[in-house]
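Peer 1: Structure in structure tokens, see below.
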Amino acid sequence: MSQKIFIKTFGCQMNEYDSNRIYDAVKEIGFEKTDRCEDANCYLLNTCHIRDKASEKVYHEIGRVKKIFRSKKKPLVIVAGCVAQAENQEMLKRDPYIDIIIGPQAYHKINDKILNFTEKQKVEETEFDAVSKFEYLSRIKNKTGKATSFLTIQEGCDKFCNFCVVPYTRGPEYSRPFDQIMNEAKSLANQGCKEIILLGQNVNAYFNNGLRLSNIINEIEKIKKIERIRYTTSHPKDMTEDLVEIYKYSKKLMPLIHLPVQSGSDKILNLMNRKHTIKEYLKTFERLKKINPLIEFSSDFIISYPGEEEKDFRETLNLIEDVKFINSYSFIFSPRPGTVADRLKTIDKKISLKRLEKVQEKLYQNQIIKNKSLENKIINVLAENQTGDRTKIFGRSEYMTSVIFEGNKKDIGKILQIKITKSNRNTLFGKVIDNPKQKVA
């Protein structure tokens with residue numbers, strides 16, 4: 001009888017990719033995925049260390065599992081991901097219910113750790129070995145079977161922003177071999193994937209044997225079955241000329257660029273060790289807008305970073321007004337253990353909350369205006385799946401906006417023309433257009 005594994009994923013898109021690849025790996029030793037935690041022989045929690053109180057969320061989740069299995073045989077409990085990397089031995093000491101700790105660069109060892117586990121000895125595997133990991137995973141087919149699929153091309157970071165744990169949890173920058181990436185892309189296309197999202201902590205820092213992100217985009221463009229290409233997350237310092245230029249001729253690269261700026265103040269960017277200025281950021285913005293005025297930007301903002309004064313905060317508001325980001329993430333600064341910023345004095349919570357509210361009000365207004373501008377227009381939408389109640393179809397526009405419309409299950413995996421009838425801040429609503437000759441916005 002096969003074993004069952006339940007995987008819960010916190011955090012970023014790369015964690016989602018990793019969870020899928022972990023499942024591809026454990027299938028090799030007889031595990032089947034289950035969506036019911038209580039049926040699992042193995043419970044795996046794939047963690048993220050970016051947000052506040054990340055480790056406490058892990059212990060809370062483990063506590064929930066304990067209750068579920070109070071009167072049943074305990075499953076093998078594995079904590080994977082960035083929290084596992086950062087707090088490995090401490091986690092094993094704090095909660096004996098955890099059996100295996102495995103870091104994000106050691107997933108190629110997961111089958112061995114499971115097969116050789118004994119209750120007498122807890123396991124901690126947090127070695128940085130991205131080369132071996134991807135060599136191993138490249139031999140196991142990525143079987144997502146979805147219209148949209150993630151594909152990790154780069155991991156780790158050498159930037160060392162003062163607020164960020166990534167260099168400590170994912171290790172130094174590593175770019176996968178070009179051929180390995182293309183083989184995976186072709187495999188995904190043959191499974192029905194229509195859109196590939198290229199992933200990396202600094203995806204545009206990709207560099208392997210003289211090849212860059214632009215070369216990967218160019219090569220994927222040649223795969224007929226792939227109709228859309230995206231990439232995330234980028235660093236402003238790595239928006240090289242070849243990557244900017246590709247927007248002139250690529251027909252499959254989507255016109256939304258996620259380019260985290262974090263602050264509109266040069267003083268704060270310097271305190272963050274971001275290695276770019278607002279002038280440089282705006283120069284990239286202007287170059288891309290000149291190439292294609294339809295390109296839009298999204299970003300990330302850290303509000304109330306230590307040292308942020310009212311002047312600095314106003315500069316962030318001014319940047320948001322100038323660029324008009326259409327979809328962004330904003331958070332109050334929260335210190336991450338082990339980073340430079342962890343030792344800095346934080347700003348009063350009431351002030352921080354007021355600033356966050358102002359930033360989000362401005363960001364949300366941009367989203368509302370953009371979505372409102374699409375009402376009564378026809379846009380291209382990739383149908384991804386049915387809604388939870390199975391009455392409608394969920395898809396995404398070229399700008400990654402959620403779109404809900406009347407449709408059939410057979411539409412999933414197709415790019416359809418949808419006339420937008422109404423909108424709110426986060427979602428567009430519409431109907432399928434039967435006449436394909438009508439003009440698309």
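Ligands are numbered from 1 in the order shown, residues from 1 within each chain, and chains are lettered A, B, ... in the order they appear in the structure tokens.
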Can you list, as a PyMOL selection string, every protein, DNA or RNA residue that comes within 8 Å of region 137-146 of chain A when you count only C-alpha atoms, leaving out same-chain residues fewer than 4 positions away?
Peer 2: chain A and resi 20-21+24-25+108+133+180+184+187-188+191-193+384+413
Peer 1: Would you mind listing what lies within 10 Å of Val65 (chain A) as a PDB file with N, CA and C atoms, in the first residue's frame, with only C-alpha atoms counted and same-chain residues fewer than 5 positions away left out?
Peer 2:
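Now in out00.pdb:
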```pdb
ATOM      1  N   CYS A  37      -5.008  16.355   5.516  1.00  0.00           N
ATOM      2  CA  CYS A  37      -3.900  16.218   6.469  1.00  0.00           C
ATOM      3  C   CYS A  37      -4.042  14.962   7.319  1.00  0.00           C
ATOM      4  N   GLU A  38      -5.270  14.660   7.737  1.00  0.00           N
ATOM      5  CA  GLU A  38      -5.500  13.541   8.661  1.00  0.00           C
ATOM      6  C   GLU A  38      -5.225  12.170   8.028  1.00  0.00           C
ATOM      7  N   TYR A  43       3.808  14.415   6.913  1.00  0.00           N
ATOM      8  CA  TYR A  43       3.335  15.795   6.885  1.00  0.00           C
ATOM      9  C   TYR A  43       4.548  16.690   6.660  1.00  0.00           C
ATOM     10  N   TYR A  59       5.392  26.634  14.509  1.00  0.00           N
ATOM     11  CA  TYR A  59       5.032  25.939  15.754  1.00  0.00           C
ATOM     12  C   TYR A  59       3.509  25.871  15.926  1.00  0.00           C
ATOM     13  N   HIS A  60       2.827  26.924  15.500  1.00  0.00           N
ATOM     14  CA  HIS A  60       1.358  26.911  15.562  1.00  0.00           C
ATOM     15  C   HIS A  60       0.806  25.799  14.675  1.00  0.00           C
ATOM     16  N   ARG A  70      -3.801  13.174  17.619  1.00  0.00           N
ATOM     17  CA  ARG A  70      -3.761  12.845  19.044  1.00  0.00           C
ATOM     18  C   ARG A  70      -4.117  11.384  19.299  1.00  0.00           C
ATOM     19  N   LYS A  74       1.274   8.834  14.774  1.00  0.00           N
ATOM     20  CA  LYS A  74       1.942  10.073  14.378  1.00  0.00           C
ATOM     21  C   LYS A  74       2.550   9.952  12.973  1.00  0.00           C
ATOM     22  N   PRO A  75       2.357  10.967  12.130  1.00  0.00           N
ATOM     23  CA  PRO A  75       3.005  10.941  10.815  1.00  0.00           C
ATOM     24  C   PRO A  75       4.474  11.352  10.939  1.00  0.00           C
ATOM     25  N   VAL A  77       7.036  13.946  10.438  1.00  0.00           N
ATOM     26  CA  VAL A  77       6.869  15.400  10.337  1.00  0.00           C
ATOM     27  C   VAL A  77       8.167  16.030   9.843  1.00  0.00           C
ATOM     28  N   TYR A  97       8.318  16.942  18.292  1.00  0.00           N
ATOM     29  CA  TYR A  97       7.357  16.346  17.359  1.00  0.00           C
ATOM     30  C   TYR A  97       7.898  16.396  15.925  1.00  0.00           C
TER      31      TYR A  97
END
```
Peer 1: So that I can check the surroundings of Ser402 (chain A), please list as a list in words every protein, DNA and RNA residue that reaches within 6 Å of it, counting only C-alpha atoms and ignoring chain neighbours fewer than 2 positions away.
Peer 2: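 Close residues of Ser402 (chain A): Gly395, Arg396 and Thr427 of chain A.
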Peer 1: Kindly give the distance, in Å, that separates CA of Ile217 (chain A) and CA of Ser234 (chain A), rounded to a single decimal.
Peer 2: 14.3 Å
Peer 1: Out of A:Asp18, A:Glu195, A:Glu125, A:Glu56, which residue has the shortest atom-to-atom distance to Gln89 (chain A) when counting only C-alpha atoms?
Peer 2: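 Among the listed residues, A:Glu125 lies closest to Gln89 (chain A).
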Peer 1: Mind the document's chain letters and residue numbers, and return as a count of residues only the residues of region 40-282 of chain A that DSSP labels alpha helix (DSSP H).
Peer 2: 84
Peer 1: Report, in Å to a single decimal, how far apart CA of Thr339 (chain A) and CA of Tyr305 (chain A) are.
Peer 2: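 It comes out at 13.4 Å.
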Peer 1: In Å, with one decimal, what is the gap from CA of Ala106 (chain A) to CA of Ile7 (chain A)?
Peer 2: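 For CA of Ala106 (chain A) relative to CA of Ile7 (chain A), the distance reads 16.7 Å.
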Peer 1: Name the residues of region 279-362 of chain A that fall into strand (DSSP E or B) according to DSSP on the backbone, using the chain letters and numbers of this document, as a PyMOL selection string.
Peer 2: chain A and resi 296-303+327-332
Peer 1: Excluding Phe331 (chain A) and residues on its chain fewer than 4 positions from it, collect all residues at most 12 Å away from it, counting only C-alpha atoms, and give them as a list of chain:residue names.
Peer 2: A:Ile50, A:Arg51, A:Asp52, A:Gln262, A:Ser263, A:Ser299, A:Asp300, A:Phe301, A:Ile302, A:Ile303, A:Ser304, A:Tyr305, A:Pro335, A:Ser352, A:Leu353, A:Lys354, A:Arg355, A:Leu356, A:Glu357, A:Lys358, A:Val359, A:Gln360
Peer 1: Need to verify the contact set: Thr34 (chain A), 7 Å, only C-alpha atoms, exclusion of same-chain residues closer than 4 positions in sequence. Can you return it as a list in words?
Peer 2: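 So, after excluding close chain neighbours, the residues are Lys4, Ile5, Phe6 and Ala40 of chain A.
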Peer 1: Taking 4 positions as the minimum chain separation for residues in the same chain, which residues sit within 12 Å of Pro337 (chain A) when counting only C-alpha atoms? Answer as a ChimeraX atom specification.
Peer 2: /A:49-55,83,86-87,162-166,168-169,341-344
Peer 1: Residues as selected, N, CA and C atoms, written as a JSON list (two decimals), in the first residue's frame, can you do that?
Peer 2:
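As a result, again.json now contains:
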```
[["chain", "number", "residue", "atom", "x", "y", "z"],
["A", 49, "HIS", "N", 10.67, 32.59, 5.41],
["A", 49, "HIS", "CA", 11.20, 33.40, 6.51],
["A", 49, "HIS", "C", 11.09, 34.90, 6.23],
["A", 50, "ILE", "N", 10.38, 35.28, 5.17],
["A", 50, "ILE", "CA", 10.32, 36.69, 4.79],
["A", 50, "ILE", "C", 9.41, 37.49, 5.71],
["A", 51, "ARG", "N", 8.26, 36.95, 6.03],
["A", 51, "ARG", "CA", 7.28, 37.70, 6.81],
["A", 51, "ARG", "C", 7.53, 37.60, 8.32],
["A", 52, "ASP", "N", 6.84, 38.46, 9.06],
["A", 52, "ASP", "CA", 6.98, 38.54, 10.51],
["A", 52, "ASP", "C", 6.50, 37.26, 11.19],
["A", 53, "LYS", "N", 7.16, 36.89, 12.27],
["A", 53, "LYS", "CA", 6.80, 35.76, 13.13],
["A", 53, "LYS", "C", 6.71, 34.45, 12.35],
["A", 54, "ALA", "N", 7.64, 34.27, 11.40],
["A", 54, "ALA", "CA", 7.61, 33.09, 10.54],
["A", 54, "ALA", "C", 7.75, 31.80, 11.33],
["A", 55, "SER", "N", 8.67, 31.76, 12.29],
["A", 55, "SER", "CA", 8.89, 30.53, 13.04],
["A", 55, "SER", "C", 7.70, 30.22, 13.95],
["A", 83, "VAL", "N", 12.71, 28.78, 6.95],
["A", 83, "VAL", "CA", 12.73, 28.76, 8.42],
["A", 83, "VAL", "C", 13.53, 27.57, 8.91],
["A", 86, "ALA", "N", 17.16, 28.51, 8.62],
["A", 86, "ALA", "CA", 17.61, 29.55, 9.55],
["A", 86, "ALA", "C", 17.62, 29.08, 11.00],
["A", 87, "GLU", "N", 16.69, 28.19, 11.38],
["A", 87, "GLU", "CA", 16.53, 27.85, 12.80],
["A", 87, "GLU", "C", 16.57, 26.35, 13.04],
["A", 162, "ASN", "N", 20.11, 44.99, 3.79],
["A", 162, "ASN", "CA", 20.25, 44.91, 5.25],
["A", 162, "ASN", "C", 19.03, 44.33, 5.97],
["A", 163, "PHE", "N", 17.89, 44.27, 5.27],
["A", 163, "PHE", "CA", 16.66, 43.76, 5.90],
["A", 163, "PHE", "C", 16.36, 42.31, 5.54],
["A", 164, "CYS", "N", 17.15, 41.72, 4.65],
["A", 164, "CYS", "CA", 16.74, 40.48, 3.99],
["A", 164, "CYS", "C", 17.50, 39.25, 4.48],
["A", 165, "VAL", "N", 16.75, 38.13, 4.66],
["A", 165, "VAL", "CA", 17.36, 36.88, 5.12],
["A", 165, "VAL", "C", 17.76, 35.95, 3.99],
["A", 166, "VAL", "N", 17.38, 36.28, 2.75],
["A", 166, "VAL", "CA", 17.59, 35.35, 1.64],
["A", 166, "VAL", "C", 19.03, 34.86, 1.49],
["A", 168, "TYR", "N", 21.10, 34.23, 3.64],
["A", 168, "TYR", "CA", 21.41, 33.30, 4.73],
["A", 168, "TYR", "C", 20.57, 32.02, 4.66],
["A", 169, "THR", "N", 19.39, 32.11, 4.02],
["A", 169, "THR", "CA", 18.51, 30.93, 3.95],
["A", 169, "THR", "C", 18.56, 30.22, 2.61],
["A", 341, "ALA", "N", 19.62, 44.88, 9.80],
["A", 341, "ALA", "CA", 18.51, 45.72, 10.27],
["A", 341, "ALA", "C", 17.87, 45.22, 11.55],
["A", 342, "ASP", "N", 18.16, 43.99, 11.93],
["A", 342, "ASP", "CA", 17.60, 43.43, 13.16],
["A", 342, "ASP", "C", 18.03, 44.22, 14.39],
["A", 343, "ARG", "N", 19.17, 44.90, 14.28],
["A", 343, "ARG", "CA", 19.71, 45.63, 15.43],
["A", 343, "ARG", "C", 19.26, 47.10, 15.47],
["A", 344, "LEU", "N", 18.50, 47.52, 14.47],
["A", 344, "LEU", "CA", 18.13, 48.93, 14.37],
["A", 344, "LEU", "C", 16.85, 49.26, 15.14]]
```
Peer 1: Show me a table, sorted first by chain and then by increasing residue number, of the residues of region 28-90 of chain A having an atom at most 10 Å from region 100-103 of chain A, each with its shortest atom pair and the distance in Å to one decimal, counting only C-alpha atoms and written as CSV.
Peer 2:
```
residue,atom,partner,partner_atom,distance
A:Leu44,CA,A:Ile100,CA,9.3
A:Leu45,CA,A:Ile101,CA,9.9
A:Asn46,CA,A:Ile102,CA,9.4
A:Thr47,CA,A:Gly103,CA,9.6
A:Leu76,CA,A:Ile100,CA,8.0
A:Val77,CA,A:Ile100,CA,6.5
A:Ile78,CA,A:Ile100,CA,4.7
A:Val79,CA,A:Ile101,CA,5.1
A:Ala80,CA,A:Ile102,CA,4.8
A:Gly81,CA,A:Gly103,CA,5.2
A:Cys82,CA,A:Gly103,CA,6.4
A:Val83,CA,A:Gly103,CA,8.1
A:Ala84,CA,A:Gly103,CA,5.7
A:Gln85,CA,A:Gly103,CA,4.6
A:Ala86,CA,A:Gly103,CA,8.4
A:Glu87,CA,A:Ile101,CA,9.3
A:Asn88,CA,A:Ile101,CA,6.3
A:Gln89,CA,A:Ile101,CA,8.3
```
